[in-house]
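Structure first, commentary second.
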Amino acid sequence: QPRRDLTGLLALNPDFSQVEDAVTDISFSYSEKAVADNRPFFVEGAGYFGSRNEYFYSNSVPDFDVGAKSFGRAGRTQFGVLMTEAPDDRYDVVGRALYEIDETNSASTTLVGNRQEDFDNLFGLVQFGGRQSFGLNYGFDAAVTDTRDVSDSSVPQGTGSHFRGSLGWNWDYVYVTGTADKYDTDYFPANGLLDSDLPGTKGASLTTGYYREMSHPLWHVIEASIGEIYRETNAGRRQQQKTFVSGSVEFNIDVRVTAYAEVGPYRPVSDTRGVFESQTNDDRYYSLYTDFNTRSTRYSGGLGYEWGDLGGSPYNYYTAYGWWRPLNPVYVELTAERVDSFGTNDQAVLVTSWAITPEHSLAGRYIYTDDVKFYRLAYSHRPRKGLDIFAVYDDDTTK
């Protein structure tokens, strides 16, 4: 760190075995779910590379042999750049610069390059956004991809584009936001997490909502929203049309109740990119969650239930969680889930940690998911600043 606003990192053959992979829940989803990337190389300065996984999703970069990274600020400009080299002649490069026009408005540009055995891919993005003192907020994204030397039949070749615009207005407690976007079929951000049902579509959404924190004899926070989402394929066929409504109340007894509902048809994407099935699913989705002891620093928990029809089948999902910090250095968390959707699946995750001293700590994790049990125990020691020593034991047992 040559100065306070500039940081550089260099990683040679990094060993990420001490890092725990994030665990996704088992609820229904039409597309791949985003998970946190806990690798230190990508966590450090992650905010300088944007916040939308759709454009850059660090989990798409495999564990590498050599990596270099720098990020910082020069005047009104924030910047970040990283490069990695992985086995099988894979190279990834990311660069982003954001210019603060004033305190509430900014412009940015992002470039992502990816070279691997199956293709070469280049992604470029320009963004403008901000808000005005009288309540107006706006955003505009324009992205283009170029993919060459393709040997994988599932990867589109050539150029593709994506545009997204948003416009909204905020009052004291009420807001209205509208968005519109379009995705070419050949739009392919190789290092982004793009939902599989977006290429070859265009759509719009409109949402209005209410949010207020207050001192009231009954509640702390009240929020609600209602909106409509409409998408169609670039061939003019309706892909989805969702009407949704949500509401949440956090009571003064530190209990929060949240309800959500959405209904409408959904046309699934086929195995071919940008080609959609002939039939639509009459989706109906409802959820109800209750969280207890919401403002405690010692323990909390909650229950959730989701139900309806998703993907052409009845859907039920049950979840419960709780965490406890009996002493500041000790933490325990348990999450349990069951989903009934094209069969029944169960998952339970237990996480524990103990900061024995500032230099010594233990962490453990147990995962049960259907027929697999996974155990993990990790010890870490920091003899001095800048040096970490790990001992990690992993094991999984299949019935």
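In the structure tokens, chains take the letters A, B, ... in the order shown, each chain's residues start at 1, and ligands count up from 1 in the order shown.
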
Hey, could you make a per-residue contact list for region 261-352 of chain A against region 200-209 of chain A with 8 Å as the cut-off, showing the nearest pair of atoms and its distance in Å to one decimal, counting only C-alpha atoms, sorted by chain and number, as CSV?
residue,atom,partner,partner_atom,distance
A:Arg273,CA,A:Gly200,CA,8.0
A:Gly274,CA,A:Gly200,CA,4.7
A:Val275,CA,A:Gly200,CA,7.7

For the residues selected in the previous step, produce a file with all heavy atoms as a tab-separated table (two decimals), in the first residue's frame.
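Dumped to selection_3.tsv:
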chain	number	residue	atom	x	y	z
A	273	ARG	N	-29.74	-21.67	-26.47
A	273	ARG	CA	-29.70	-20.28	-26.00
A	273	ARG	C	-30.65	-19.41	-26.82
A	273	ARG	O	-30.62	-19.41	-28.04
A	273	ARG	CB	-28.27	-19.76	-26.12
A	273	ARG	CG	-28.04	-18.37	-25.57
A	273	ARG	CD	-26.61	-17.96	-25.82
A	273	ARG	NE	-26.29	-16.67	-25.24
A	273	ARG	CZ	-25.89	-16.50	-24.00
A	273	ARG	NH1	-25.73	-17.54	-23.21
A	273	ARG	NH2	-25.61	-15.29	-23.54
A	274	GLY	N	-31.52	-18.67	-26.15
A	274	GLY	CA	-32.42	-17.74	-26.82
A	274	GLY	C	-33.64	-18.38	-27.45
A	274	GLY	O	-34.47	-17.68	-28.04
A	275	VAL	N	-33.77	-19.70	-27.34
A	275	VAL	CA	-34.94	-20.41	-27.88
A	275	VAL	C	-35.79	-20.88	-26.70
A	275	VAL	O	-35.30	-21.56	-25.80
A	275	VAL	CB	-34.52	-21.61	-28.75
A	275	VAL	CG1	-35.75	-22.37	-29.24
A	275	VAL	CG2	-33.67	-21.14	-29.91

Would you tabulate, counting only C-alpha atoms, all residues of region 218-265 of chain A that have an atom at most 7 Å from an atom of region 292-308 of chain A, showing the closest pair of atoms and their distance in Å to one decimal, sorted by chain then ascending number, as a Markdown table?
| residue | atom | partner | partner_atom | distance |
| --- | --- | --- | --- | --- |
| A:Asp254 | CA | A:Asn293 | CA | 5.0 |
| A:Val255 | CA | A:Phe292 | CA | 4.7 |
| A:Arg256 | CA | A:Phe292 | CA | 6.7 |

Practice prompt. Please provide as a ChimeraX atom specification all residues within 7 Å of Glu100 (chain A), with the sequence filter that same-chain residues fewer than 5 positions apart are discarded (counting only C-alpha atoms).
Written response: /A:76-77,105-107

Show which residues sit within 10 Å of Lys242 (chain A), as a tab-separated table (two decimals) with N, CA, C and O atoms, in the first residue's frame. Count only C-alpha atoms, and ignore same-chain residues fewer than 6 positions away.
chain	number	residue	atom	x	y	z
A	205	SER	N	-40.32	-3.20	-16.16
A	205	SER	CA	-40.94	-3.39	-14.85
A	205	SER	C	-41.31	-2.04	-14.27
A	205	SER	O	-40.70	-1.02	-14.59
A	227	GLY	N	-45.84	-4.27	-7.79
A	227	GLY	CA	-45.27	-4.00	-9.10
A	227	GLY	C	-45.65	-5.03	-10.14
A	227	GLY	O	-46.33	-6.02	-9.86
A	228	GLU	N	-45.18	-4.77	-11.35
A	228	GLU	CA	-45.45	-5.62	-12.51
A	228	GLU	C	-44.16	-5.79	-13.29
A	228	GLU	O	-43.39	-4.84	-13.49
A	229	ILE	N	-43.91	-7.03	-13.74
A	229	ILE	CA	-42.76	-7.36	-14.58
A	229	ILE	C	-43.27	-8.01	-15.86
A	229	ILE	O	-44.07	-8.95	-15.80
A	230	TYR	N	-42.83	-7.51	-16.99
A	230	TYR	CA	-43.23	-8.09	-18.27
A	230	TYR	C	-41.99	-8.29	-19.14
A	230	TYR	O	-41.17	-7.38	-19.28
A	231	ARG	N	-41.85	-9.50	-19.71
A	231	ARG	CA	-40.77	-9.79	-20.64
A	231	ARG	C	-41.34	-10.52	-21.84
A	231	ARG	O	-42.29	-11.30	-21.71
A	261	ALA	N	-45.98	-12.23	-2.48
A	261	ALA	CA	-46.77	-13.02	-3.42
A	261	ALA	C	-46.51	-12.54	-4.84
A	261	ALA	O	-46.35	-11.34	-5.07
A	262	GLU	N	-46.44	-13.49	-5.76
A	262	GLU	CA	-46.36	-13.15	-7.18
A	262	GLU	C	-47.09	-14.21	-7.99
A	262	GLU	O	-47.07	-15.40	-7.65
A	263	VAL	N	-47.74	-13.78	-9.05
A	263	VAL	CA	-48.48	-14.70	-9.92
A	263	VAL	C	-48.26	-14.26	-11.36
A	263	VAL	O	-48.01	-13.08	-11.64
A	264	GLY	N	-48.35	-15.24	-12.27
A	264	GLY	CA	-48.24	-14.91	-13.68
A	264	GLY	C	-47.58	-16.02	-14.47
A	264	GLY	O	-46.91	-16.89	-13.92
A	265	PRO	N	-47.75	-16.01	-15.79
A	265	PRO	CA	-47.17	-17.06	-16.65
A	265	PRO	C	-45.67	-16.88	-16.83
A	265	PRO	O	-45.14	-15.76	-16.78
A	266	TYR	N	-44.99	-18.01	-17.08
A	266	TYR	CA	-43.54	-18.02	-17.30
A	266	TYR	C	-43.23	-19.04	-18.39
A	266	TYR	O	-43.66	-20.20	-18.31
A	283	ASP	N	-47.27	-19.98	-13.08
A	283	ASP	CA	-46.59	-19.88	-11.79
A	283	ASP	C	-47.42	-19.11	-10.77
A	283	ASP	O	-48.02	-18.07	-11.09
A	284	ARG	N	-47.39	-19.60	-9.55
A	284	ARG	CA	-47.96	-18.90	-8.39
A	284	ARG	C	-46.99	-19.13	-7.23
A	284	ARG	O	-46.64	-20.26	-6.92

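Omitting Asn191 (chain A) and its sequence neighbours fewer than 2 positions away, and counting only C-alpha atoms, the residues within 10 Å are A:Asn53, A:Glu54, A:Tyr55, A:Phe56, A:Tyr57, A:Ser58, A:Asn59, A:Ser60, A:Val61, A:Asp92, A:Val93, A:Val94, A:Val112, A:Gly113, A:Asn114, A:Asn121, A:Leu122, A:Phe123, A:Phe188, A:Pro189, A:Leu193, A:Leu194.
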
Practice prompt. Name all residues at most 10 Å from Trp171 (chain A) (count only C-alpha atoms; drop same-chain ones fewer than 4 positions away) and give them as a PyMOL selection string.
Written response: chain A and resi 134-136+175-176+210

Asp396 (chain A) environment, 12 Å, only C-alpha atoms, sequence neighbours closer than 5 positions dropped, as a PDB file with all heavy atoms, in the first residue's frame:
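As a result, out.pdb now contains:
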ATOM      1  N   ARG A 365     -17.657 -26.719  10.558  1.00  0.00           N
ATOM      2  CA  ARG A 365     -18.894 -26.684   9.771  1.00  0.00           C
ATOM      3  C   ARG A 365     -19.339 -28.110   9.480  1.00  0.00           C
ATOM      4  O   ARG A 365     -18.520 -28.982   9.168  1.00  0.00           O
ATOM      5  CB  ARG A 365     -18.698 -25.915   8.472  1.00  0.00           C
ATOM      6  CG  ARG A 365     -19.990 -25.767   7.671  1.00  0.00           C
ATOM      7  CD  ARG A 365     -19.876 -24.732   6.569  1.00  0.00           C
ATOM      8  NE  ARG A 365     -19.050 -25.173   5.464  1.00  0.00           N
ATOM      9  CZ  ARG A 365     -18.926 -24.500   4.314  1.00  0.00           C
ATOM     10  NH1 ARG A 365     -19.570 -23.350   4.159  1.00  0.00           N
ATOM     11  NH2 ARG A 365     -18.161 -24.941   3.354  1.00  0.00           N
ATOM     12  N   TYR A 366     -20.642 -28.339   9.595  1.00  0.00           N
ATOM     13  CA  TYR A 366     -21.244 -29.631   9.257  1.00  0.00           C
ATOM     14  C   TYR A 366     -22.386 -29.361   8.280  1.00  0.00           C
ATOM     15  O   TYR A 366     -23.231 -28.488   8.525  1.00  0.00           O
ATOM     16  CB  TYR A 366     -21.788 -30.326  10.509  1.00  0.00           C
ATOM     17  CG  TYR A 366     -22.677 -31.504  10.214  1.00  0.00           C
ATOM     18  CD1 TYR A 366     -22.138 -32.738   9.877  1.00  0.00           C
ATOM     19  CD2 TYR A 366     -24.060 -31.374  10.271  1.00  0.00           C
ATOM     20  CE1 TYR A 366     -22.964 -33.824   9.605  1.00  0.00           C
ATOM     21  CE2 TYR A 366     -24.896 -32.450  10.005  1.00  0.00           C
ATOM     22  CZ  TYR A 366     -24.338 -33.680   9.677  1.00  0.00           C
ATOM     23  OH  TYR A 366     -25.157 -34.745   9.390  1.00  0.00           O
ATOM     24  N   ILE A 367     -22.398 -30.101   7.179  1.00  0.00           N
ATOM     25  CA  ILE A 367     -23.447 -29.949   6.171  1.00  0.00           C
ATOM     26  C   ILE A 367     -24.070 -31.317   5.911  1.00  0.00           C
ATOM     27  O   ILE A 367     -23.356 -32.287   5.635  1.00  0.00           O
ATOM     28  CB  ILE A 367     -22.900 -29.378   4.847  1.00  0.00           C
ATOM     29  CG1 ILE A 367     -22.230 -28.025   5.079  1.00  0.00           C
ATOM     30  CG2 ILE A 367     -24.017 -29.249   3.815  1.00  0.00           C
ATOM     31  CD1 ILE A 367     -21.535 -27.477   3.838  1.00  0.00           C
ATOM     32  N   TYR A 368     -25.371 -31.375   6.012  1.00  0.00           N
ATOM     33  CA  TYR A 368     -26.111 -32.570   5.609  1.00  0.00           C
ATOM     34  C   TYR A 368     -27.022 -32.175   4.456  1.00  0.00           C
ATOM     35  O   TYR A 368     -27.828 -31.257   4.581  1.00  0.00           O
ATOM     36  CB  TYR A 368     -26.955 -33.126   6.754  1.00  0.00           C
ATOM     37  CG  TYR A 368     -27.906 -34.207   6.294  1.00  0.00           C
ATOM     38  CD1 TYR A 368     -27.480 -35.519   6.165  1.00  0.00           C
ATOM     39  CD2 TYR A 368     -29.224 -33.893   5.953  1.00  0.00           C
ATOM     40  CE1 TYR A 368     -28.343 -36.508   5.713  1.00  0.00           C
ATOM     41  CE2 TYR A 368     -30.097 -34.875   5.500  1.00  0.00           C
ATOM     42  CZ  TYR A 368     -29.647 -36.183   5.387  1.00  0.00           C
ATOM     43  OH  TYR A 368     -30.504 -37.157   4.926  1.00  0.00           O
ATOM     44  N   THR A 369     -26.888 -32.843   3.341  1.00  0.00           N
ATOM     45  CA  THR A 369     -27.765 -32.586   2.207  1.00  0.00           C
ATOM     46  C   THR A 369     -28.082 -33.912   1.542  1.00  0.00           C
ATOM     47  O   THR A 369     -27.206 -34.530   0.911  1.00  0.00           O
ATOM     48  CB  THR A 369     -27.157 -31.586   1.211  1.00  0.00           C
ATOM     49  OG1 THR A 369     -27.993 -31.490   0.055  1.00  0.00           O
ATOM     50  CG2 THR A 369     -25.745 -31.962   0.809  1.00  0.00           C
ATOM     51  N   ASP A 371     -28.059 -37.364   0.707  1.00  0.00           N
ATOM     52  CA  ASP A 371     -27.234 -38.526   1.030  1.00  0.00           C
ATOM     53  C   ASP A 371     -25.781 -38.180   1.318  1.00  0.00           C
ATOM     54  O   ASP A 371     -24.937 -39.069   1.407  1.00  0.00           O
ATOM     55  CB  ASP A 371     -27.279 -39.529  -0.129  1.00  0.00           C
ATOM     56  CG  ASP A 371     -28.655 -40.151  -0.280  1.00  0.00           C
ATOM     57  OD1 ASP A 371     -29.390 -40.180   0.721  1.00  0.00           O
ATOM     58  OD2 ASP A 371     -28.989 -40.591  -1.383  1.00  0.00           O
ATOM     59  N   VAL A 372     -25.456 -36.915   1.479  1.00  0.00           N
ATOM     60  CA  VAL A 372     -24.067 -36.511   1.690  1.00  0.00           C
ATOM     61  C   VAL A 372     -23.936 -35.777   3.019  1.00  0.00           C
ATOM     62  O   VAL A 372     -24.736 -34.906   3.346  1.00  0.00           O
ATOM     63  CB  VAL A 372     -23.570 -35.615   0.534  1.00  0.00           C
ATOM     64  CG1 VAL A 372     -22.148 -35.152   0.798  1.00  0.00           C
ATOM     65  CG2 VAL A 372     -23.649 -36.358  -0.798  1.00  0.00           C
ATOM     66  N   LYS A 373     -22.906 -36.156   3.774  1.00  0.00           N
ATOM     67  CA  LYS A 373     -22.553 -35.450   5.001  1.00  0.00           C
ATOM     68  C   LYS A 373     -21.143 -34.889   4.834  1.00  0.00           C
ATOM     69  O   LYS A 373     -20.236 -35.608   4.416  1.00  0.00           O
ATOM     70  CB  LYS A 373     -22.604 -36.395   6.199  1.00  0.00           C
ATOM     71  CG  LYS A 373     -23.988 -36.959   6.492  1.00  0.00           C
ATOM     72  CD  LYS A 373     -23.942 -37.921   7.664  1.00  0.00           C
ATOM     73  CE  LYS A 373     -25.314 -38.505   7.959  1.00  0.00           C
ATOM     74  NZ  LYS A 373     -25.266 -39.474   9.090  1.00  0.00           N
ATOM     75  N   PHE A 374     -20.987 -33.630   5.169  1.00  0.00           N
ATOM     76  CA  PHE A 374     -19.698 -32.967   4.990  1.00  0.00           C
ATOM     77  C   PHE A 374     -19.254 -32.370   6.316  1.00  0.00           C
ATOM     78  O   PHE A 374     -20.030 -31.710   6.999  1.00  0.00           O
ATOM     79  CB  PHE A 374     -19.827 -31.863   3.930  1.00  0.00           C
ATOM     80  CG  PHE A 374     -18.585 -31.048   3.749  1.00  0.00           C
ATOM     81  CD1 PHE A 374     -17.571 -31.470   2.902  1.00  0.00           C
ATOM     82  CD2 PHE A 374     -18.415 -29.847   4.421  1.00  0.00           C
ATOM     83  CE1 PHE A 374     -16.420 -30.716   2.738  1.00  0.00           C
ATOM     84  CE2 PHE A 374     -17.271 -29.087   4.270  1.00  0.00           C
ATOM     85  CZ  PHE A 374     -16.268 -29.526   3.427  1.00  0.00           C
ATOM     86  N   TYR A 375     -17.988 -32.617   6.673  1.00  0.00           N
ATOM     87  CA  TYR A 375     -17.422 -32.099   7.911  1.00  0.00           C
ATOM     88  C   TYR A 375     -16.215 -31.224   7.579  1.00  0.00           C
ATOM     89  O   TYR A 375     -15.466 -31.508   6.648  1.00  0.00           O
ATOM     90  CB  TYR A 375     -16.946 -33.239   8.818  1.00  0.00           C
ATOM     91  CG  TYR A 375     -17.985 -34.287   9.124  1.00  0.00           C
ATOM     92  CD1 TYR A 375     -18.184 -35.355   8.253  1.00  0.00           C
ATOM     93  CD2 TYR A 375     -18.746 -34.214  10.275  1.00  0.00           C
ATOM     94  CE1 TYR A 375     -19.133 -36.332   8.534  1.00  0.00           C
ATOM     95  CE2 TYR A 375     -19.688 -35.182  10.570  1.00  0.00           C
ATOM     96  CZ  TYR A 375     -19.881 -36.242   9.693  1.00  0.00           C
ATOM     97  OH  TYR A 375     -20.814 -37.196   9.983  1.00  0.00           O
ATOM     98  N   ARG A 376     -16.027 -30.209   8.386  1.00  0.00           N
ATOM     99  CA  ARG A 376     -14.868 -29.342   8.206  1.00  0.00           C
ATOM    100  C   ARG A 376     -14.438 -28.800   9.557  1.00  0.00           C
ATOM    101  O   ARG A 376     -15.264 -28.351  10.356  1.00  0.00           O
ATOM    102  CB  ARG A 376     -15.204 -28.173   7.270  1.00  0.00           C
ATOM    103  CG  ARG A 376     -14.050 -27.186   7.077  1.00  0.00           C
ATOM    104  CD  ARG A 376     -14.518 -26.005   6.249  1.00  0.00           C
ATOM    105  NE  ARG A 376     -13.448 -25.053   6.065  1.00  0.00           N
ATOM    106  CZ  ARG A 376     -12.619 -25.007   5.034  1.00  0.00           C
ATOM    107  NH1 ARG A 376     -12.748 -25.899   4.076  1.00  0.00           N
ATOM    108  NH2 ARG A 376     -11.690 -24.093   4.933  1.00  0.00           N
TER     109      ARG A 376
END

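Closest approach to Ser196 (chain A) from the set A:Val269, A:Val35, A:Ala86, A:Ala320 is made by A:Val269, with distances taken over only C-alpha atoms.
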
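In this structure, CA of Tyr286 (chain A) sits 16.7 Å away from CA of Glu337 (chain A).
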